[in-house]
file final-v7.txt (compact mmCIF, C-alpha atoms and all ligand atoms)
# COMPACT_ATOMS: atom_id res chain seq x y z
CA ALA A 3 18.52 -6.39 -17.00
CA THR A 4 15.50 -7.70 -18.77
CA PRO A 5 12.31 -7.10 -16.82
CA MET A 6 11.95 -10.86 -16.53
CA SER A 7 15.35 -11.47 -14.94
CA VAL A 8 14.75 -8.63 -12.51
CA MET A 9 11.44 -10.15 -11.46
CA VAL A 10 13.07 -13.52 -10.97
CA GLY A 11 15.77 -11.90 -8.85
CA VAL A 12 13.25 -10.06 -6.72
CA GLY A 13 11.24 -13.24 -6.22
CA ARG A 14 14.26 -15.32 -5.25
CA ALA A 15 15.41 -12.61 -2.88
CA ALA A 16 12.09 -12.75 -1.04
CA GLY A 17 12.62 -16.47 -0.55
CA ALA A 18 16.02 -15.69 0.97
CA GLY A 19 14.61 -13.20 3.47
CA VAL A 20 15.42 -10.11 1.42
CA LEU A 21 12.58 -7.74 0.60
CA VAL A 22 13.22 -5.71 -2.54
CA LYS A 23 11.28 -2.45 -2.83
CA ASP A 24 13.47 -0.96 -5.52
CA ALA A 25 14.53 -3.40 -8.26
CA GLN A 26 17.30 -1.03 -9.31
CA ALA A 27 18.87 -1.34 -5.86
CA MET A 28 18.96 -5.09 -6.34
CA GLN A 29 20.70 -4.61 -9.69
CA GLN A 30 23.28 -2.29 -8.15
CA LEU A 31 24.07 -4.63 -5.26
CA GLN A 32 26.47 -6.80 -7.26
CA ARG A 33 28.54 -3.72 -8.12
CA VAL A 34 28.89 -2.55 -4.52
CA ASP A 35 32.54 -2.25 -3.41
CA THR A 36 31.98 -0.49 -0.08
CA VAL A 37 29.51 -1.42 2.64
CA VAL A 38 28.88 1.18 5.32
CA VAL A 39 27.31 -0.29 8.45
CA ASP A 40 25.71 1.18 11.52
CA LYS A 41 26.77 -0.51 14.75
CA THR A 42 23.73 -0.63 16.98
CA GLY A 43 21.08 -3.05 15.75
CA THR A 44 23.05 -3.81 12.60
CA LEU A 45 26.24 -5.45 13.86
CA THR A 46 24.82 -6.03 17.31
CA GLN A 47 21.71 -7.91 18.39
CA GLY A 48 19.85 -4.64 18.84
CA ARG A 49 18.35 -5.79 22.14
CA PRO A 50 20.45 -3.75 24.55
CA GLN A 51 20.09 -4.39 28.26
CA LEU A 52 20.93 -2.23 31.21
CA THR A 53 23.74 -3.91 33.11
CA GLY A 54 24.60 -1.23 35.65
CA VAL A 55 23.93 2.21 37.07
CA GLN A 56 27.04 4.01 38.29
CA VAL A 57 26.22 7.17 40.15
CA HIS A 58 28.36 10.21 40.66
CA GLY A 59 28.49 11.93 44.04
CA ASP A 60 25.46 11.37 46.26
CA ALA A 61 22.90 10.75 43.50
CA ASP A 62 20.41 7.98 44.29
CA PRO A 63 20.61 5.23 41.63
CA THR A 64 16.93 4.32 41.78
CA GLN A 65 15.82 7.93 41.47
CA VAL A 66 18.20 8.53 38.56
CA LEU A 67 16.92 5.43 36.79
CA VAL A 68 13.28 6.47 37.27
CA LEU A 69 13.93 10.02 35.98
CA ALA A 70 15.80 8.63 32.97
CA ALA A 71 13.12 6.03 32.23
CA ALA A 72 10.36 8.63 32.43
CA LEU A 73 12.00 10.41 29.48
CA GLU A 74 13.01 7.29 27.58
CA ARG A 75 9.42 6.04 27.57
CA SER A 76 8.78 8.52 24.75
CA SER A 77 11.79 7.46 22.65
CA GLU A 78 11.86 4.57 20.20
CA HIS A 79 15.64 4.18 20.40
CA PRO A 80 16.78 0.67 21.42
CA LEU A 81 18.77 2.20 24.29
CA ALA A 82 15.57 3.83 25.53
CA HIS A 83 13.82 0.50 25.61
CA ALA A 84 16.60 -0.94 27.78
CA VAL A 85 16.27 1.87 30.30
CA VAL A 86 12.47 1.63 30.55
CA THR A 87 12.52 -2.14 30.87
CA ALA A 88 15.08 -1.99 33.66
CA ALA A 89 13.13 0.67 35.53
CA ASP A 90 9.94 -1.38 35.29
CA ALA A 91 11.61 -4.54 36.48
CA GLY A 92 14.07 -3.10 38.93
CA SER A 93 16.73 -5.11 37.17
CA GLY A 94 19.36 -2.47 36.59
CA GLY A 95 22.38 -4.30 37.91
CA GLY A 96 20.94 -4.57 41.38
CA VAL A 97 19.23 -1.19 41.29
CA GLY A 98 15.60 -1.20 42.38
CA GLY A 99 13.02 -0.02 39.85
CA VAL A 100 9.52 1.31 40.29
CA GLY A 101 8.22 -2.22 39.78
CA ALA A 102 6.26 -3.51 36.82
CA GLY A 103 2.87 -1.93 36.46
CA ARG A 104 3.70 1.18 38.45
CA SER A 105 3.71 4.24 36.31
CA LEU A 106 6.67 6.48 35.65
CA PRO A 107 6.42 10.21 36.39
CA ALA A 108 5.00 12.57 33.75
CA VAL A 109 7.28 14.57 31.46
CA GLU A 110 7.03 18.12 30.16
CA ASP A 111 9.08 19.86 27.51
CA PHE A 112 10.27 16.61 25.92
CA THR A 113 12.81 16.77 23.09
CA ALA A 114 14.75 13.97 21.38
CA PRO A 115 17.49 15.25 19.06
CA ALA A 116 18.36 12.30 16.75
CA GLY A 117 21.60 10.50 17.55
CA ARG A 118 22.07 12.37 20.82
CA GLY A 119 19.51 11.49 23.46
CA VAL A 120 16.43 12.82 25.23
CA SER A 121 15.68 15.73 27.53
CA GLY A 122 12.77 17.12 29.51
CA LEU A 123 11.32 18.23 32.80
CA VAL A 124 10.50 15.40 35.22
CA GLU A 125 9.10 16.06 38.70
CA GLY A 126 10.48 19.57 38.51
CA HIS A 127 13.95 18.40 37.49
CA ARG A 128 15.64 19.25 34.20
CA VAL A 129 16.87 15.82 33.03
CA LEU A 130 19.21 14.93 30.16
CA VAL A 131 19.86 11.34 29.04
CA GLY A 132 22.28 10.49 26.25
CA SER A 133 25.76 11.04 24.91
CA ALA A 134 28.47 13.35 26.26
CA ARG A 135 27.80 15.51 23.21
CA HIS A 136 24.12 15.71 24.20
CA LEU A 137 25.09 17.02 27.63
CA ARG A 138 27.55 19.52 26.15
CA GLU A 139 24.93 20.78 23.73
CA HIS A 140 22.83 21.62 26.79
CA ASP A 141 25.77 23.38 28.46
CA VAL A 142 26.44 20.56 30.91
CA ASP A 143 30.10 19.55 31.26
CA PRO A 144 30.30 15.72 31.28
CA THR A 145 33.86 15.64 32.69
CA PRO A 146 32.92 14.48 36.22
CA VAL A 147 31.51 11.18 34.87
CA GLN A 148 33.87 10.63 31.92
CA GLU A 149 36.08 8.22 33.84
CA LEU A 150 33.07 6.08 34.82
CA ALA A 151 31.95 6.21 31.19
CA GLU A 152 35.34 5.14 29.80
CA GLY A 153 35.31 2.09 32.09
CA VAL A 154 31.94 1.06 30.65
CA ARG A 155 33.08 1.63 27.05
CA ALA A 156 36.29 -0.35 27.37
CA GLY A 157 34.15 -3.49 27.61
CA GLY A 158 32.24 -2.64 24.42
CA ALA A 159 29.10 -1.46 26.24
CA THR A 160 27.44 1.89 25.65
CA ALA A 161 27.71 4.53 28.34
CA VAL A 162 24.53 6.59 28.59
CA LEU A 163 25.04 9.72 30.65
CA VAL A 164 22.34 11.18 32.88
CA ALA A 165 22.40 14.78 34.08
CA VAL A 166 19.94 16.21 36.60
CA ASP A 167 19.52 19.95 36.99
CA GLY A 168 22.71 20.77 35.11
CA THR A 169 24.96 18.26 36.91
CA PRO A 170 26.13 14.84 35.64
CA ALA A 171 24.49 12.33 38.01
CA ALA A 172 25.16 8.87 36.63
CA VAL A 173 26.36 6.62 33.85
CA LEU A 174 24.06 3.83 32.68
CA ALA A 175 25.93 0.81 31.29
CA ILE A 176 24.01 -0.73 28.41
CA ALA A 177 25.28 -3.90 26.77
CA ASP A 178 24.28 -5.01 23.30
CA PRO A 179 26.25 -8.10 22.27
CA VAL A 180 27.51 -8.54 18.71
CA ARG A 181 25.40 -10.95 16.65
CA GLN A 182 26.98 -14.36 16.26
CA THR A 183 26.77 -14.21 12.47
CA THR A 184 28.28 -10.73 12.07
CA ALA A 185 32.01 -11.54 11.97
CA GLU A 186 31.53 -14.36 9.46
CA ALA A 187 29.30 -12.31 7.16
CA LEU A 188 31.81 -9.45 7.18
CA SER A 189 34.71 -11.73 6.39
CA VAL A 190 32.82 -13.14 3.38
CA LEU A 191 32.20 -9.60 2.13
CA ARG A 192 35.87 -8.74 2.57
CA ALA A 193 36.89 -11.92 0.74
CA GLU A 194 34.72 -10.73 -2.15
CA GLY A 195 36.71 -7.49 -2.24
CA VAL A 196 34.22 -5.33 -0.39
CA GLU A 197 35.52 -2.77 2.07
CA VAL A 198 33.50 -2.46 5.29
CA VAL A 199 33.23 0.86 7.13
CA MET A 200 31.46 1.16 10.49
CA LEU A 201 29.82 4.46 11.41
CA THR A 202 28.36 4.85 14.86
CA GLY A 203 26.91 7.56 16.99
CA ASP A 204 28.43 5.77 19.95
CA ALA A 205 31.67 6.80 21.65
CA GLU A 206 35.18 6.04 20.35
CA ALA A 207 36.10 3.45 22.99
CA THR A 208 32.87 1.45 22.55
CA ALA A 209 33.25 1.61 18.77
CA ALA A 210 36.86 0.40 18.97
CA ALA A 211 35.91 -2.53 21.22
CA VAL A 212 33.08 -3.67 18.92
CA ALA A 213 35.13 -3.12 15.73
CA GLY A 214 37.86 -5.27 17.24
CA GLN A 215 35.38 -8.06 17.98
CA VAL A 216 34.21 -8.27 14.35
CA GLY A 217 37.48 -7.49 12.56
CA ILE A 218 36.58 -4.04 11.24
CA ASP A 219 39.56 -1.71 10.99
CA ARG A 220 37.91 1.31 9.40
CA PHE A 221 35.38 3.08 11.59
CA GLU A 222 34.25 6.47 12.73
CA ALA A 223 32.65 7.14 16.14
CA GLU A 224 30.46 9.91 17.56
CA VAL A 225 28.99 10.35 14.13
CA THR A 226 25.87 12.47 13.75
CA PRO A 227 23.11 11.50 11.30
CA GLU A 228 24.28 14.38 9.07
CA ARG A 229 27.82 13.01 9.10
CA LYS A 230 26.64 9.49 8.18
CA HIS A 231 24.99 11.01 5.14
CA GLU A 232 28.12 13.01 4.31
CA VAL A 233 30.44 9.97 4.52
CA VAL A 234 28.22 8.03 2.12
CA ARG A 235 28.21 10.95 -0.28
CA GLU A 236 32.00 11.37 -0.07
CA LEU A 237 32.60 7.69 -0.77
CA ARG A 238 30.36 7.90 -3.83
CA GLU A 239 32.17 11.00 -5.04
CA GLN A 240 35.41 9.02 -4.80
CA GLY A 241 33.88 6.58 -7.28
CA HIS A 242 32.81 3.83 -4.90
CA VAL A 243 29.54 2.01 -5.25
CA VAL A 244 28.17 2.18 -1.74
CA ALA A 245 25.64 0.14 0.19
CA MET A 246 24.56 1.56 3.54
CA VAL A 247 23.08 -0.81 6.12
CA GLY A 248 21.20 0.64 9.07
CA ASP A 249 18.14 0.44 11.23
CA GLY A 250 17.56 3.77 12.89
CA VAL A 251 15.84 7.09 12.30
CA ASN A 252 19.37 8.50 12.34
CA ASP A 253 20.37 6.24 9.43
CA ALA A 254 17.58 7.36 7.11
CA PRO A 255 19.45 10.21 5.32
CA ALA A 256 22.47 7.96 4.69
CA LEU A 257 20.26 5.11 3.48
CA ALA A 258 18.64 7.43 0.98
CA ALA A 259 22.03 8.78 -0.19
CA ALA A 260 23.62 5.37 -0.85
CA ASP A 261 23.61 3.52 -4.18
CA VAL A 262 21.87 0.77 -2.25
CA GLY A 263 20.06 1.50 1.01
CA VAL A 264 19.63 -1.62 3.11
CA ALA A 265 17.38 -1.52 6.16
CA VAL A 266 17.35 -4.25 8.75
CA GLY A 267 13.84 -5.50 9.32
CA THR A 268 13.79 -4.87 13.05
CA GLY A 269 14.45 -1.20 12.35
CA THR A 270 12.30 1.89 12.55
CA ASP A 271 9.68 2.77 9.92
CA VAL A 272 11.70 5.76 8.71
CA ALA A 273 14.66 3.50 7.95
CA LEU A 274 12.45 1.01 6.12
CA GLU A 275 10.94 3.79 4.00
CA SER A 276 14.37 5.18 3.06
CA ALA A 277 15.83 1.87 1.92
CA GLY A 278 15.50 0.04 -1.40
CA ILE A 279 16.14 -3.32 0.24
CA THR A 280 15.13 -4.74 3.61
CA LEU A 281 16.72 -7.71 5.32
CA LEU A 282 13.83 -9.50 7.01
CA GLN A 283 16.00 -10.96 9.73
CA ALA A 284 18.45 -8.44 11.11
CA ASP A 285 21.43 -10.47 10.01
CA LEU A 286 24.22 -9.51 7.59
CA THR A 287 24.30 -13.07 6.24
CA ALA A 288 21.18 -12.06 4.30
CA LEU A 289 23.16 -9.25 2.65
CA VAL A 290 25.77 -11.75 1.47
CA ARG A 291 22.97 -13.89 0.01
CA ALA A 292 21.34 -10.88 -1.62
CA ARG A 293 24.62 -9.94 -3.33
CA ARG A 294 24.97 -13.45 -4.70
CA LEU A 295 21.42 -13.35 -6.03
CA SER A 296 22.10 -9.97 -7.56
CA ARG A 297 25.09 -11.46 -9.38
CA ALA A 298 23.34 -14.68 -10.38
CA THR A 299 20.18 -13.14 -11.78
CA MET A 300 21.42 -9.79 -12.99
CA GLY A 301 25.13 -10.35 -13.33
CA ASN A 302 25.70 -10.38 -17.04
CA ILE A 303 23.74 -7.33 -17.92
CA ARG A 304 24.95 -3.83 -18.68
P1 LIG B 1 24.12 4.29 16.47
O1 LIG B 1 24.77 5.03 15.34
O2 LIG B 1 25.09 3.44 17.19
O3 LIG B 1 22.87 3.58 16.07
P2 LIG B 1 22.71 6.61 17.42
O4 LIG B 1 23.16 7.56 16.37
O5 LIG B 1 21.30 6.14 17.38
O6 LIG B 1 23.72 5.38 17.55
O7 LIG B 1 22.93 7.30 18.82
C1 LIG B 1 24.19 7.85 19.12
C2 LIG B 1 24.38 7.98 20.58
O8 LIG B 1 23.44 8.94 21.06
C3 LIG B 1 24.13 6.72 21.37
O9 LIG B 1 25.28 5.94 21.48
C4 LIG B 1 23.70 7.30 22.70
O10 LIG B 1 24.84 7.68 23.44
C5 LIG B 1 22.97 8.55 22.32
N1 LIG B 1 21.51 8.37 22.23
C6 LIG B 1 20.73 8.51 21.14
N2 LIG B 1 19.43 8.32 21.44
C7 LIG B 1 19.39 8.02 22.76
C8 LIG B 1 18.35 7.72 23.69
N3 LIG B 1 17.06 7.69 23.37
N4 LIG B 1 18.71 7.49 24.98
C9 LIG B 1 20.00 7.53 25.35
N5 LIG B 1 21.03 7.79 24.53
C10 LIG B 1 20.73 8.05 23.26
MG MG B 2 21.30 2.40 14.97
call {"tool": "encode", "arguments": {"input": "final-v7.txt", "output": "structure tokens", "more": "lines below"}}
Ligand code: ADP
Ligand code: MG
result
Amino acid sequence: ATPMSVMVGVGRAAGAGVLVKDAQAMQQLQRVDTVVVDKTGTLTQGRPQLTGVQVHGDADPTQVLVLAAALERSSEHPLAHAVVTAADAGSGGGVGGVGAGRSLPAVEDFTAPAGRGVSGLVEGHRVLVGSARHLREHDVDPTPVQELAEGVRAGGATAVLVAVDGTPAAVLAIADPVRQTTAEALSVLRAEGVEVVMLTGDAEATAAAVAGQVGIDRFEAEVTPERKHEVVRELREQGHVVAMVGDGVNDAPALAAADVGVAVGTGTDVALESAGITLLQADLTALVRARRLSRATMGNIR
């Protein structure tokens, strides 16, 4: 492209809510034949809310929620925000919280492995909050709560498991509705010959429910950040021109590996830094517009 047409494209994109950091990414966008999308915060509204606490055995739901929230306060994951908000407000599906303004217990030994969950010592208890994989990686068998979790997932919600002192104690149900514009934007992309692949760290059953809602038939669940990166690389090796759309810390390696990395504007700083393009509103309609601009202003070059 001539420098002038690139500048015009970048300028028009800004007007359409698309921030272009890397002009070459904008040029590549028209050639993209495969769009890889993250689920949480990309297809969904990204404002997950706690809708229930289902305890196992004689665990106390309020205590479990407070222990979980104490850890999640230090995480910037959208799921973490839902847990902390519910604990503050006491709004966890009828479960009482500590009440707004009252402080959560202190945490020692905090760790937050990306795409898995959080762990630490709270009030003398070893607490794990996250995926079944996260529990397994800490030698806790999630089997006793898997049935509760599957019930939550069947409805498209995320099941967040909580273990206390080596025993699964509860499943937190966290709902994050699909954005109204998602299905339409994806069908436009498909009509333009683009294949859409969803990659999510979430469980199979949740992924299947959400994919079904937006008409995606190619997806992979329980994907680690490393795997997201690997899938993008494999698709490129097969000759595809790949755009990756994501919002999280866990998406950063895949964003950097794609021909076009697209961050959604509500995402984390790491995601924004790794992407050549940012959608100011977290809405895939903006990606459709950006592709059209890419074609219109840079189409007949090369
Ligand atoms: P996605 O690919 O859908 O954005 P992530 O890779 O960020 O999901 O996370 C994958 C899974 O790891 C989540 O579905 C959740 O089960 C778990 N997880 C990650 N971070 C947290 C957290 N802070 N609290 C609870 N669960 C978490
Ligand atoms: Mg995400």
call {"tool": "atom_distance", "arguments": {"input": "final-v7.txt", "atom1": "CA of Val251 in chain A", "atom2": "atom P2 of ligand LIG 1 (chain B)"}}
result
8.6 Å
call {"tool": "atom_distance", "arguments": {"input": "final-v7.txt", "atom1": "CA of Thr145 in chain A", "atom2": "CA of Thr87 in chain A"}}
result
27.8 Å
call {"tool": "atom_distance", "arguments": {"input": "final-v7.txt", "atom1": "CA of Arg49 in chain A", "atom2": "atom O2 of ligand LIG 1 (chain B)"}}
result
12.5 Å
call {"tool": "residues_around", "arguments": {"input": "final-v7.txt", "residues": "Val264 in chain A", "least_positions_apart": "4", "cutoff": "6 Å", "atoms": "all atoms listed in the file", "output": "mmCIF file with C-alpha atoms, in the coordinates of the input"}}
result
data_model
loop_
_atom_site.group_PDB
_atom_site.id
_atom_site.type_symbol
_atom_site.label_atom_id
_atom_site.label_comp_id
_atom_site.auth_asym_id
_atom_site.auth_seq_id
_atom_site.Cartn_x
_atom_site.Cartn_y
_atom_site.Cartn_z
ATOM 1 C CA MET A 246 24.560 1.560 3.540
ATOM 2 C CA VAL A 247 23.080 -0.810 6.120
ATOM 3 C CA ALA A 277 15.830 1.870 1.920
ATOM 4 C CA ILE A 279 16.140 -3.320 0.240
ATOM 5 C CA THR A 280 15.130 -4.740 3.610
#
call {"tool": "closest_atom_pairs", "arguments": {"input": "final-v7.txt", "of": "chain A", "to": "ligand MG 2 (chain B)", "cutoff": "7 Å", "atoms": "all atoms listed in the file", "output": "CSV"}}
result
residue,atom,partner,partner_atom,distance
A:Asp40,CA,B:MG2,MG,5.7
A:Lys41,CA,B:MG2,MG,6.2
A:Thr42,CA,B:MG2,MG,4.4
A:Gly43,CA,B:MG2,MG,5.5
A:Thr44,CA,B:MG2,MG,6.9
A:Gly248,CA,B:MG2,MG,6.2
A:Asp249,CA,B:MG2,MG,5.3
A:Gly250,CA,B:MG2,MG,4.5
A:Asn252,CA,B:MG2,MG,6.9
A:Asp253,CA,B:MG2,MG,6.8
call {"tool": "residues_near_ligand", "arguments": {"input": "final-v7.txt", "ligand": "ligand LIG 1 (chain B)", "cutoff": "9 Å", "atoms": "all atoms listed in the file", "output": "NGL selection string"}}
result
:A and (40-44 or 70 or 73-83 or 85 or 114-120 or 130-136 or 160-164 or 201-205 or 208-209 or 223-227 or 230 or 248-253)
call {"tool": "closest_residue", "arguments": {"input": "final-v7.txt", "among": "A:Val142, A:Ala258, A:Val109, A:Ala18", "to": "Val166 in chain A", "atoms": "only C-alpha atoms"}}
result
A:Val142
call {"tool": "closest_residue", "arguments": {"input": "final-v7.txt", "among": "A:Pro5, A:Gly157, A:Gly11, A:Gly19", "to": "Leu281 in chain A", "atoms": "all atoms listed in the file"}}
result
A:Gly19
call {"tool": "residues_around", "arguments": {"input": "final-v7.txt", "residues": "Gly195 in chain A", "least_positions_apart": "6", "cutoff": "12 Å", "atoms": "only C-alpha atoms", "output": "list in words"}}
result
Gln32, Arg33, Val34, Asp35, Thr36, Val37, Leu188 and Ser189 of chain A
call {"tool": "write_last_selection", "arguments": {"input": "final-v7.txt", "atoms": "C-alpha atoms", "output": "compact mmCIF listing (two decimals), keeping the file's coordinate frame"}}
result
# COMPACT_ATOMS: atom_id res chain seq x y z
CA GLN A 32 26.47 -6.80 -7.26
CA ARG A 33 28.54 -3.72 -8.12
CA VAL A 34 28.89 -2.55 -4.52
CA ASP A 35 32.54 -2.25 -3.41
CA THR A 36 31.98 -0.49 -0.08
CA VAL A 37 29.51 -1.42 2.64
CA LEU A 188 31.81 -9.45 7.18
CA SER A 189 34.71 -11.73 6.39
call {"tool": "residues_around", "arguments": {"input": "final-v7.txt", "residues": "Asp60 in chain A", "least_positions_apart": "2", "cutoff": "12 Å", "atoms": "all atoms listed in the file", "output": "number ranges by chain"}}
result
A: 56-58, 62-66, 169-172
call {"tool": "closest_residue", "arguments": {"input": "final-v7.txt", "among": "A:Val38, A:Val198, A:Ala175, A:Leu45", "to": "Ala88 in chain A", "atoms": "all atoms listed in the file"}}
result
A:Ala175
call {"tool": "closest_residue", "arguments": {"input": "final-v7.txt", "among": "A:Thr270, A:Gln148, A:Ser276, A:Gln215", "to": "Arg181 in chain A", "atoms": "all atoms listed in the file"}}
result
A:Gln215
call {"tool": "closest_residue", "arguments": {"input": "final-v7.txt", "among": "A:Val180, A:Met200, A:Leu191, A:Val20", "to": "Gly48 in chain A", "atoms": "all atoms listed in the file"}}
result
A:Val180
call {"tool": "closest_residue", "arguments": {"input": "final-v7.txt", "among": "A:Val86, A:Arg229, A:Leu31, A:Leu106", "to": "Val196 in chain A", "atoms": "all atoms listed in the file"}}
result
A:Leu31
call {"tool": "residues_near_point", "arguments": {"input": "final-v7.txt", "point": "(21.8, -16.0, -12.2)", "cutoff": "12 Å", "atoms": "all atoms listed in the file", "output": "number ranges by chain"}}
result
A: 3, 6-12, 14-15, 29, 32, 292-303
call {"tool": "residues_around", "arguments": {"input": "final-v7.txt", "residues": "Arg238 in chain A", "least_positions_apart": "5", "cutoff": "9 Å", "atoms": "all atoms listed in the file", "output": "MDAnalysis selection string"}}
result
chainID A and resid 233 243:244 260:261
call {"tool": "write_last_selection", "arguments": {"input": "final-v7.txt", "atoms": "C-alpha atoms", "output": "compact mmCIF listing (two decimals), keeping the file's coordinate frame"}}
result
# COMPACT_ATOMS: atom_id res chain seq x y z
CA VAL A 233 30.44 9.97 4.52
CA VAL A 243 29.54 2.01 -5.25
CA VAL A 244 28.17 2.18 -1.74
CA ALA A 260 23.62 5.37 -0.85
CA ASP A 261 23.61 3.52 -4.18
call {"tool": "decode", "arguments": {"input": "final-v7.txt", "residues": "range 252-273 of chain A", "atoms": "N, CA and C atoms", "output": "PDB file, in the first residue's frame"}}
result
ATOM      1  N   ASN A 252      -4.068 -14.395  29.237  1.00  0.00           N
ATOM      2  CA  ASN A 252      -3.867 -15.717  28.664  1.00  0.00           C
ATOM      3  C   ASN A 252      -3.906 -15.712  27.142  1.00  0.00           C
ATOM      4  N   ASP A 253      -4.432 -14.648  26.544  1.00  0.00           N
ATOM      5  CA  ASP A 253      -4.516 -14.573  25.082  1.00  0.00           C
ATOM      6  C   ASP A 253      -3.286 -13.928  24.463  1.00  0.00           C
ATOM      7  N   ALA A 254      -2.459 -13.299  25.294  1.00  0.00           N
ATOM      8  CA  ALA A 254      -1.356 -12.486  24.769  1.00  0.00           C
ATOM      9  C   ALA A 254      -0.403 -13.261  23.843  1.00  0.00           C
ATOM     10  N   PRO A 255       0.047 -14.469  24.217  1.00  0.00           N
ATOM     11  CA  PRO A 255       0.957 -15.186  23.303  1.00  0.00           C
ATOM     12  C   PRO A 255       0.315 -15.487  21.955  1.00  0.00           C
ATOM     13  N   ALA A 256      -0.957 -15.853  21.949  1.00  0.00           N
ATOM     14  CA  ALA A 256      -1.661 -16.155  20.703  1.00  0.00           C
ATOM     15  C   ALA A 256      -1.864 -14.888  19.876  1.00  0.00           C
ATOM     16  N   LEU A 257      -2.151 -13.780  20.537  1.00  0.00           N
ATOM     17  CA  LEU A 257      -2.322 -12.506  19.821  1.00  0.00           C
ATOM     18  C   LEU A 257      -1.032 -12.139  19.092  1.00  0.00           C
ATOM     19  N   ALA A 258       0.076 -12.349  19.786  1.00  0.00           N
ATOM     20  CA  ALA A 258       1.370 -11.996  19.200  1.00  0.00           C
ATOM     21  C   ALA A 258       1.740 -12.935  18.054  1.00  0.00           C
ATOM     22  N   ALA A 259       1.246 -14.177  18.095  1.00  0.00           N
ATOM     23  CA  ALA A 259       1.611 -15.180  17.085  1.00  0.00           C
ATOM     24  C   ALA A 259       0.762 -15.095  15.819  1.00  0.00           C
ATOM     25  N   ALA A 260      -0.377 -14.404  15.892  1.00  0.00           N
ATOM     26  CA  ALA A 260      -1.298 -14.353  14.754  1.00  0.00           C
ATOM     27  C   ALA A 260      -0.797 -13.374  13.694  1.00  0.00           C
ATOM     28  N   ASP A 261      -1.298 -13.536  12.445  1.00  0.00           N
ATOM     29  CA  ASP A 261      -1.015 -12.539  11.415  1.00  0.00           C
ATOM     30  C   ASP A 261      -1.562 -11.190  11.851  1.00  0.00           C
ATOM     31  N   VAL A 262      -2.757 -11.236  12.448  1.00  0.00           N
ATOM     32  CA  VAL A 262      -3.380 -10.026  12.963  1.00  0.00           C
ATOM     33  C   VAL A 262      -3.867 -10.303  14.385  1.00  0.00           C
ATOM     34  N   GLY A 263      -3.282  -9.633  15.363  1.00  0.00           N
ATOM     35  CA  GLY A 263      -3.738  -9.745  16.743  1.00  0.00           C
ATOM     36  C   GLY A 263      -4.759  -8.655  17.010  1.00  0.00           C
ATOM     37  N   VAL A 264      -5.937  -9.063  17.475  1.00  0.00           N
ATOM     38  CA  VAL A 264      -7.004  -8.089  17.725  1.00  0.00           C
ATOM     39  C   VAL A 264      -7.402  -8.163  19.193  1.00  0.00           C
ATOM     40  N   ALA A 265      -7.152  -7.090  19.926  1.00  0.00           N
ATOM     41  CA  ALA A 265      -7.550  -7.051  21.329  1.00  0.00           C
ATOM     42  C   ALA A 265      -8.897  -6.364  21.448  1.00  0.00           C
ATOM     43  N   VAL A 266      -9.711  -6.805  22.394  1.00  0.00           N
ATOM     44  CA  VAL A 266     -10.932  -6.052  22.655  1.00  0.00           C
ATOM     45  C   VAL A 266     -10.637  -5.053  23.769  1.00  0.00           C
ATOM     46  N   GLY A 267     -11.159  -3.854  23.574  1.00  0.00           N
ATOM     47  CA  GLY A 267     -10.741  -2.688  24.350  1.00  0.00           C
ATOM     48  C   GLY A 267     -10.963  -2.787  25.845  1.00  0.00           C
ATOM     49  N   THR A 268     -11.868  -3.669  26.255  1.00  0.00           N
ATOM     50  CA  THR A 268     -12.127  -3.839  27.678  1.00  0.00           C
ATOM     51  C   THR A 268     -11.112  -4.801  28.293  1.00  0.00           C
ATOM     52  N   GLY A 269     -10.166  -5.254  27.473  1.00  0.00           N
ATOM     53  CA  GLY A 269      -9.250  -6.300  27.928  1.00  0.00           C
ATOM     54  C   GLY A 269      -8.122  -5.797  28.799  1.00  0.00           C
ATOM     55  N   THR A 270      -7.257  -6.725  29.155  1.00  0.00           N
ATOM     56  CA  THR A 270      -6.130  -6.409  30.032  1.00  0.00           C
ATOM     57  C   THR A 270      -5.015  -5.720  29.240  1.00  0.00           C
ATOM     58  N   ASP A 271      -4.155  -5.002  29.943  1.00  0.00           N
ATOM     59  CA  ASP A 271      -3.062  -4.257  29.316  1.00  0.00           C
ATOM     60  C   ASP A 271      -2.158  -5.155  28.484  1.00  0.00           C
ATOM     61  N   VAL A 272      -1.887  -6.359  29.013  1.00  0.00           N
ATOM     62  CA  VAL A 272      -0.997  -7.282  28.312  1.00  0.00           C
ATOM     63  C   VAL A 272      -1.571  -7.635  26.945  1.00  0.00           C
ATOM     64  N   ALA A 273      -2.883  -7.841  26.894  1.00  0.00           N
ATOM     65  CA  ALA A 273      -3.536  -8.164  25.623  1.00  0.00           C
ATOM     66  C   ALA A 273      -3.407  -6.980  24.674  1.00  0.00           C
TER      67      ALA A 273
END
